[in-house]
Amino acid sequence: MTASYASVGEGHRRHTGQNRPAARVDPLAARRAPDDPPWDVYLTGDVFLDIVFTGLDSAPVRGTESWARGMGSSPGGVANMATALARLGLRTSLAAAFGDDHYGEYCWDALEHGEGIDLSTSRTVPGWHSSVTVSMAYEGERTMVSHGHEPPSEEPAPEFPPHARAAVASLTPGRSAPWIAQAASRGTRVFADVGWDDTGAWDLAGLTDLEHCEAFLPNAEEAMRYTGAACPRAAAHALTAHVPLAVVTLGAEGAYAVDRRTGESAEVPAIAVEALDPTGAGDVFVAGFVTGTLADWPLADRLAFAGLTAALSVQEFGGSLSAPGWSEIAAWWRKVQSVQGQDPEALQRYAFLERLLPTLLPEAEDAAPWPLRRAVPTIGFGRSA
């Protein structure tokens with residue numbers, strides 16, 4: 001059954017350019033100790049500049065000019081995941097190569113100063129211009145056009161990744177990333193997703209770094225193709241022969257997870273929302289699940305929280321633009337409890353939020369939903385714009 005809730009978006013839209021502080025939640029506060037690693041999550045990958053056109057009534061038609069009613073710019077690519085993690089209160093470190101053009105400067109500034117992401121292991125590459133993606137959102141889908149040059153030959157990850165509680169890795173069939181094994185050898189818990197296998201092989205043996213991972217989070221189609229299973233739930237069980245924790249996203253049906261170590265399985269239905277743009281929703285789901293896992297929540301709560309954060313993100317445009325923070329989560333929880341006729345059983349599924357948001361809930365309606373500098377319509381504005 002799909003749990004349906006009122007969208008918090010109505011009457012509670014994001015404000016751009018605001019910097020006043022909002023209440024923050026540290027999901028790991030009870031577990032922090034003086035000898036902890038300096039970072040909660042480490043990740044590496046390619047950063048894009050995303051330019052998102054919104055307000056299109058339909059797909060562009062060949063030979064015509066379409067006008068968008070809205071536009072925003074933000075860091076994309078691996079920055080989507082880094083931003084989603086940081087907004088949930090995790091101390092996030094990103095290693096990436098940035099161009100030395102204005103686009104690269106903008107992305108660096110937005111991530112370091114706007115989101116508080118550590119870039120000490122990143123670098124600026126002279127003479128290399130940034131990759132760019134233009135995304136057009138309409139009818140709940142998006143069409144993207146990207147451009148970029150070959151990335152620098154040097155590995156963007158440092159020779160030895162910084163010590164972190166967890167790392168998020170995107171696995172590539174047939175290719176190994178040495179930093180994953182290095183991180184795992186230091187006790188870092190590695191969470192992995194995977195992209196579409198363009199080779200068509202769908203061979204788990206080609207995902208050589210999976211042996212170093214604690215969790216694998218493919219979508220239903222990917223999971224079934226890799227395992228040959230007839231349904232995604234069977235695929236999740238089959239994947240636990242290769243990784244301790246398998247999480248399979250089921251689209252509109254929600255998500256299903258199996259933990260080999262405990263023998264536990266859990267399934268949580270999706271939240272029915274009006275999806276404006278699915279860009280980055282998978283990254284937000286992973287960030288939510290990583291947060292709950294590091295905080296030691298029950299498996300079903302982790303799935304519910306990941307699904308909630310992803311549902312909130314698709315109600316807005318863009319990848320890193322739409323990643324929710326605790327203000328949005330608190331506002332949603334307060335809103336759905338006030339709606340008449342809610343299914344008590346479905347509402348109970350998210351009751352764990354009560355213990356996470358005791359100080360934030362009373363201020364949810366008044367708190368600025370986006371306290372950090374947000375999307376801008378053009379790159380050229382300075383800090384005061």
# chains A, B, ... in the order shown; residues from 1 in each chain; ligands from 1
call {"tool": "select_by_dssp", "arguments": {"residues": "segment 124-346 of chain A", "states": "strand (DSSP E or B)", "output": "PyMOL selection string"}}
result
chain A and resi 124-125+131-138+141-147+164-172+175+189-194+215-216+219+245-249+255-259+264-268+271-272
call {"tool": "write_last_selection", "arguments": {"atoms": "N, CA and C atoms", "output": "compact mmCIF listing (two decimals), in the first residue's frame"}}
result
# COMPACT_ATOMS: atom_id res chain seq x y z
N THR A 124 41.97 22.15 -7.72
CA THR A 124 41.64 22.91 -8.92
C THR A 124 42.67 22.58 -9.99
N VAL A 125 42.20 22.27 -11.20
CA VAL A 125 43.07 21.85 -12.29
C VAL A 125 43.20 22.98 -13.30
N SER A 131 32.68 20.50 -16.40
CA SER A 131 31.60 19.82 -17.12
C SER A 131 30.27 20.48 -16.77
N VAL A 132 29.37 20.53 -17.73
CA VAL A 132 28.09 21.22 -17.56
C VAL A 132 26.95 20.32 -18.00
N THR A 133 25.88 20.31 -17.23
CA THR A 133 24.65 19.63 -17.61
C THR A 133 23.50 20.62 -17.60
N VAL A 134 22.75 20.65 -18.69
CA VAL A 134 21.52 21.44 -18.75
C VAL A 134 20.36 20.46 -18.63
N SER A 135 19.51 20.68 -17.64
CA SER A 135 18.38 19.80 -17.37
C SER A 135 17.08 20.54 -17.58
N MET A 136 16.17 19.94 -18.33
CA MET A 136 14.85 20.52 -18.56
C MET A 136 13.81 19.63 -17.91
N ALA A 137 13.11 20.18 -16.92
CA ALA A 137 12.15 19.41 -16.14
C ALA A 137 10.73 19.71 -16.62
N TYR A 138 9.98 18.65 -16.88
CA TYR A 138 8.58 18.80 -17.30
C TYR A 138 7.87 17.47 -17.07
N GLU A 141 9.32 14.41 -15.35
CA GLU A 141 10.52 13.81 -15.91
C GLU A 141 11.53 14.91 -16.21
N ARG A 142 12.69 14.50 -16.70
CA ARG A 142 13.67 15.49 -17.09
C ARG A 142 14.45 15.00 -18.30
N THR A 143 14.89 15.94 -19.10
CA THR A 143 15.76 15.66 -20.23
C THR A 143 17.05 16.43 -20.00
N MET A 144 18.18 15.77 -20.19
CA MET A 144 19.46 16.39 -19.87
C MET A 144 20.39 16.38 -21.07
N VAL A 145 21.14 17.45 -21.20
CA VAL A 145 22.21 17.55 -22.20
C VAL A 145 23.48 17.92 -21.45
N SER A 146 24.55 17.15 -21.63
CA SER A 146 25.79 17.39 -20.89
C SER A 146 26.94 17.64 -21.85
N HIS A 147 27.93 18.36 -21.37
CA HIS A 147 29.16 18.60 -22.14
C HIS A 147 30.33 18.63 -21.17
N ALA A 164 37.15 8.10 7.83
CA ALA A 164 35.75 8.48 7.98
C ALA A 164 34.94 7.30 8.49
N ARG A 165 33.83 7.59 9.13
CA ARG A 165 32.94 6.51 9.58
C ARG A 165 32.44 5.70 8.39
N ALA A 166 32.10 6.41 7.32
CA ALA A 166 31.48 5.76 6.16
C ALA A 166 31.99 6.41 4.89
N ALA A 167 31.80 5.71 3.79
CA ALA A 167 32.09 6.25 2.47
C ALA A 167 30.99 5.81 1.53
N VAL A 168 30.71 6.64 0.53
CA VAL A 168 29.74 6.29 -0.50
C VAL A 168 30.49 6.15 -1.80
N ALA A 169 30.33 4.99 -2.46
CA ALA A 169 31.05 4.71 -3.69
C ALA A 169 30.07 4.34 -4.79
N SER A 170 30.36 4.80 -5.98
CA SER A 170 29.59 4.40 -7.16
C SER A 170 30.42 3.39 -7.93
N LEU A 171 29.97 2.15 -7.97
CA LEU A 171 30.74 1.08 -8.59
C LEU A 171 30.60 1.12 -10.11
N THR A 172 31.69 0.80 -10.80
CA THR A 172 31.70 0.75 -12.26
C THR A 172 32.06 -0.66 -12.69
N ARG A 175 35.78 -2.18 -13.45
CA ARG A 175 36.79 -1.22 -13.03
C ARG A 175 36.86 -1.18 -11.51
N ARG A 189 32.94 2.14 6.73
CA ARG A 189 31.80 1.36 6.23
C ARG A 189 31.43 1.90 4.85
N VAL A 190 31.55 1.08 3.82
CA VAL A 190 31.36 1.54 2.45
C VAL A 190 29.96 1.18 1.97
N PHE A 191 29.22 2.19 1.51
CA PHE A 191 27.89 2.03 0.93
C PHE A 191 28.02 2.26 -0.57
N ALA A 192 27.54 1.32 -1.37
CA ALA A 192 27.76 1.41 -2.81
C ALA A 192 26.45 1.42 -3.58
N ASP A 193 26.43 2.27 -4.63
CA ASP A 193 25.38 2.16 -5.63
C ASP A 193 26.05 1.83 -6.95
N VAL A 194 25.28 1.75 -8.03
CA VAL A 194 25.83 1.36 -9.32
C VAL A 194 24.98 1.99 -10.41
N ALA A 215 27.15 -2.28 2.31
CA ALA A 215 25.79 -2.22 1.77
C ALA A 215 25.83 -1.93 0.28
N PHE A 216 24.86 -2.48 -0.44
CA PHE A 216 24.71 -2.28 -1.88
C PHE A 216 23.28 -1.83 -2.12
N ASN A 219 18.74 -0.20 -7.89
CA ASN A 219 17.29 -0.16 -8.07
C ASN A 219 16.81 -1.55 -8.48
N LEU A 245 24.52 -6.26 3.45
CA LEU A 245 23.25 -5.56 3.48
C LEU A 245 22.86 -5.16 2.06
N ALA A 246 21.70 -5.63 1.62
CA ALA A 246 21.21 -5.30 0.28
C ALA A 246 19.94 -4.48 0.41
N VAL A 247 19.90 -3.35 -0.27
CA VAL A 247 18.73 -2.46 -0.28
C VAL A 247 18.33 -2.24 -1.73
N VAL A 248 17.10 -2.60 -2.06
CA VAL A 248 16.62 -2.47 -3.43
C VAL A 248 15.48 -1.48 -3.46
N THR A 249 15.64 -0.42 -4.24
CA THR A 249 14.56 0.56 -4.37
C THR A 249 13.55 0.07 -5.40
N ALA A 255 10.74 0.53 -0.96
CA ALA A 255 12.07 -0.08 -0.93
C ALA A 255 12.03 -1.34 -0.06
N TYR A 256 12.95 -2.25 -0.33
CA TYR A 256 13.05 -3.53 0.39
C TYR A 256 14.51 -3.75 0.75
N ALA A 257 14.77 -4.24 1.96
CA ALA A 257 16.14 -4.45 2.41
C ALA A 257 16.26 -5.78 3.15
N VAL A 258 17.45 -6.37 3.04
CA VAL A 258 17.77 -7.62 3.74
C VAL A 258 19.14 -7.47 4.37
N ASP A 259 19.25 -7.79 5.65
CA ASP A 259 20.52 -7.76 6.37
C ASP A 259 20.94 -9.20 6.66
N GLU A 264 17.42 -10.12 9.27
CA GLU A 264 16.26 -9.23 9.23
C GLU A 264 15.98 -8.75 7.81
N SER A 265 14.71 -8.59 7.50
CA SER A 265 14.30 -7.95 6.26
C SER A 265 13.24 -6.91 6.58
N ALA A 266 13.09 -5.93 5.71
CA ALA A 266 12.10 -4.86 5.93
C ALA A 266 11.65 -4.31 4.59
N GLU A 267 10.40 -3.90 4.56
CA GLU A 267 9.85 -3.25 3.37
C GLU A 267 9.01 -2.07 3.80
N VAL A 268 9.20 -0.94 3.16
CA VAL A 268 8.46 0.28 3.48
C VAL A 268 7.87 0.83 2.20
N ILE A 271 6.01 7.14 -0.31
CA ILE A 271 5.09 8.24 -0.02
C ILE A 271 4.62 8.82 -1.34
N ALA A 272 3.32 8.88 -1.53
CA ALA A 272 2.77 9.41 -2.77
C ALA A 272 2.85 10.93 -2.77
call {"tool": "residues_around", "arguments": {"residues": "Gly292 of chain A", "least_positions_apart": "3", "cutoff": "10 Å", "atoms": "only C-alpha atoms", "output": "list in words"}}
result
Pro27, Leu28, Val286, Ala287, Gly288, Phe289, Ala295, Asp296, Trp297, Pro298, Leu299, Ala300, Asp301, Arg302, Leu303, Ala304, Phe305 and Ala306 of chain A
call {"tool": "closest_residue", "arguments": {"among": "A:Gly174, A:Gly187, A:Pro161, A:Gly282", "to": "Asp203 of chain A", "atoms": "only C-alpha atoms"}}
result
A:Gly174
call {"tool": "select_by_dssp", "arguments": {"residues": "segment 273-358 of chain A", "states": "helix (DSSP H, G or I)", "output": "PyMOL selection string"}}
result
chain A and resi 281-294+299-314+320-322+326-338+344-348+353-356
call {"tool": "write_last_selection", "arguments": {"atoms": "C-alpha atoms", "output": "PDB file, in the first residue's frame"}}
result
ATOM      1  CA  ALA A 281      16.365  11.422  -5.750  1.00  0.00           C
ATOM      2  CA  GLY A 282      18.491   8.276  -5.711  1.00  0.00           C
ATOM      3  CA  ASP A 283      21.372  10.198  -4.130  1.00  0.00           C
ATOM      4  CA  VAL A 284      19.055  11.617  -1.474  1.00  0.00           C
ATOM      5  CA  PHE A 285      17.706   8.117  -0.718  1.00  0.00           C
ATOM      6  CA  VAL A 286      21.237   6.791  -0.195  1.00  0.00           C
ATOM      7  CA  ALA A 287      22.123   9.776   2.008  1.00  0.00           C
ATOM      8  CA  GLY A 288      19.064   9.160   4.173  1.00  0.00           C
ATOM      9  CA  PHE A 289      19.860   5.465   4.513  1.00  0.00           C
ATOM     10  CA  VAL A 290      23.502   6.146   5.386  1.00  0.00           C
ATOM     11  CA  THR A 291      22.385   8.640   8.047  1.00  0.00           C
ATOM     12  CA  GLY A 292      20.047   6.142   9.684  1.00  0.00           C
ATOM     13  CA  THR A 293      22.615   3.346   9.538  1.00  0.00           C
ATOM     14  CA  LEU A 294      25.356   5.395  11.176  1.00  0.00           C
ATOM     15  CA  LEU A 299      16.228  -1.247   9.433  1.00  0.00           C
ATOM     16  CA  ALA A 300      12.602  -0.282   8.747  1.00  0.00           C
ATOM     17  CA  ASP A 301      13.170   3.222  10.145  1.00  0.00           C
ATOM     18  CA  ARG A 302      16.198   3.659   7.898  1.00  0.00           C
ATOM     19  CA  LEU A 303      14.157   2.684   4.849  1.00  0.00           C
ATOM     20  CA  ALA A 304      11.288   4.975   5.844  1.00  0.00           C
ATOM     21  CA  PHE A 305      13.605   7.925   6.438  1.00  0.00           C
ATOM     22  CA  ALA A 306      15.448   7.385   3.148  1.00  0.00           C
ATOM     23  CA  GLY A 307      12.160   7.197   1.287  1.00  0.00           C
ATOM     24  CA  LEU A 308      10.869  10.329   3.001  1.00  0.00           C
ATOM     25  CA  THR A 309      13.922  12.397   2.116  1.00  0.00           C
ATOM     26  CA  ALA A 310      13.739  11.206  -1.492  1.00  0.00           C
ATOM     27  CA  ALA A 311      10.012  12.040  -1.655  1.00  0.00           C
ATOM     28  CA  LEU A 312      10.663  15.550  -0.365  1.00  0.00           C
ATOM     29  CA  SER A 313      13.394  16.045  -2.961  1.00  0.00           C
ATOM     30  CA  VAL A 314      11.272  15.166  -6.012  1.00  0.00           C
ATOM     31  CA  SER A 320      21.573  19.282  -4.979  1.00  0.00           C
ATOM     32  CA  LEU A 321      19.003  22.095  -5.037  1.00  0.00           C
ATOM     33  CA  SER A 322      16.230  19.817  -3.832  1.00  0.00           C
ATOM     34  CA  TRP A 326      16.002  18.881   8.942  1.00  0.00           C
ATOM     35  CA  SER A 327      13.799  21.967   8.685  1.00  0.00           C
ATOM     36  CA  GLU A 328      11.964  20.443   5.717  1.00  0.00           C
ATOM     37  CA  ILE A 329      11.664  17.082   7.462  1.00  0.00           C
ATOM     38  CA  ALA A 330      10.286  18.691  10.624  1.00  0.00           C
ATOM     39  CA  ALA A 331       7.859  20.840   8.651  1.00  0.00           C
ATOM     40  CA  TRP A 332       6.589  17.774   6.768  1.00  0.00           C
ATOM     41  CA  TRP A 333       6.060  15.786   9.983  1.00  0.00           C
ATOM     42  CA  ARG A 334       4.171  18.625  11.600  1.00  0.00           C
ATOM     43  CA  LYS A 335       2.079  19.147   8.473  1.00  0.00           C
ATOM     44  CA  VAL A 336       1.008  15.530   7.938  1.00  0.00           C
ATOM     45  CA  GLN A 337      -0.092  15.154  11.553  1.00  0.00           C
ATOM     46  CA  SER A 338      -2.477  18.080  11.117  1.00  0.00           C
ATOM     47  CA  PRO A 344      -3.022   5.956  11.565  1.00  0.00           C
ATOM     48  CA  GLU A 345      -0.986   2.902  10.592  1.00  0.00           C
ATOM     49  CA  ALA A 346       0.839   4.783   7.835  1.00  0.00           C
ATOM     50  CA  LEU A 347       1.444   7.729  10.157  1.00  0.00           C
ATOM     51  CA  GLN A 348       2.854   5.427  12.820  1.00  0.00           C
ATOM     52  CA  LEU A 353      10.723  11.285  13.899  1.00  0.00           C
ATOM     53  CA  GLU A 354       9.248  12.448  17.225  1.00  0.00           C
ATOM     54  CA  ARG A 355      12.387  11.538  19.135  1.00  0.00           C
ATOM     55  CA  LEU A 356      14.639  13.117  16.512  1.00  0.00           C
TER      56      LEU A 356
END
call {"tool": "atom_distance", "arguments": {"atom1": "atom CA of Asp101 of chain A", "atom2": "atom CA of Ser130 of chain A"}}
result
6.9 Å
call {"tool": "atom_distance", "arguments": {"atom1": "atom CA of Ala82 of chain A", "atom2": "atom CA of Thr208 of chain A"}}
result
23.9 Å
call {"tool": "closest_residue", "arguments": {"among": "A:Glu139, A:Ile117, A:Trp179, A:Asp40", "to": "Ala59 of chain A", "atoms": "only C-alpha atoms"}}
result
A:Glu139
call {"tool": "atom_distance", "arguments": {"atom1": "atom CA of Gly195 of chain A", "atom2": "atom CA of Ala220 of chain A"}}
result
12.2 Å
call {"tool": "residues_around", "arguments": {"residues": "Arg261 of chain A", "least_positions_apart": "4", "cutoff": "10 Å", "atoms": "only C-alpha atoms", "output": "PDB file with C-alpha atoms, in the first residue's frame"}}
result
ATOM      1  CA  THR A 240      23.349 -10.879   0.360  1.00  0.00           C
ATOM      2  CA  VAL A 243      27.393  -8.073   0.482  1.00  0.00           C
ATOM      3  CA  PRO A 244      26.086  -8.040   4.088  1.00  0.00           C
ATOM      4  CA  LEU A 245      23.246  -5.564   3.476  1.00  0.00           C
TER       5      LEU A 245
END
call {"tool": "closest_residue", "arguments": {"among": "A:Ala29, A:Pro38, A:Pro60, A:Pro162", "to": "Leu94 of chain A", "atoms": "only C-alpha atoms"}}
result
A:Pro162
call {"tool": "closest_atom_pairs", "arguments": {"of": "segment 97-198 of chain A", "to": "segment 62-78 of chain A", "cutoff": "8 Å", "atoms": "only C-alpha atoms", "output": "tab-separated table"}}
result
residue	atom	partner	partner_atom	distance
A:Cys107	CA	A:Pro75	CA	5.1
A:Ala110	CA	A:Pro75	CA	7.3
A:Leu111	CA	A:Pro75	CA	7.5
call {"tool": "closest_residue", "arguments": {"among": "A:Ser58, A:Cys213, A:Asp36, A:Ala201", "to": "Ile180 of chain A", "atoms": "only C-alpha atoms"}}
result
A:Cys213
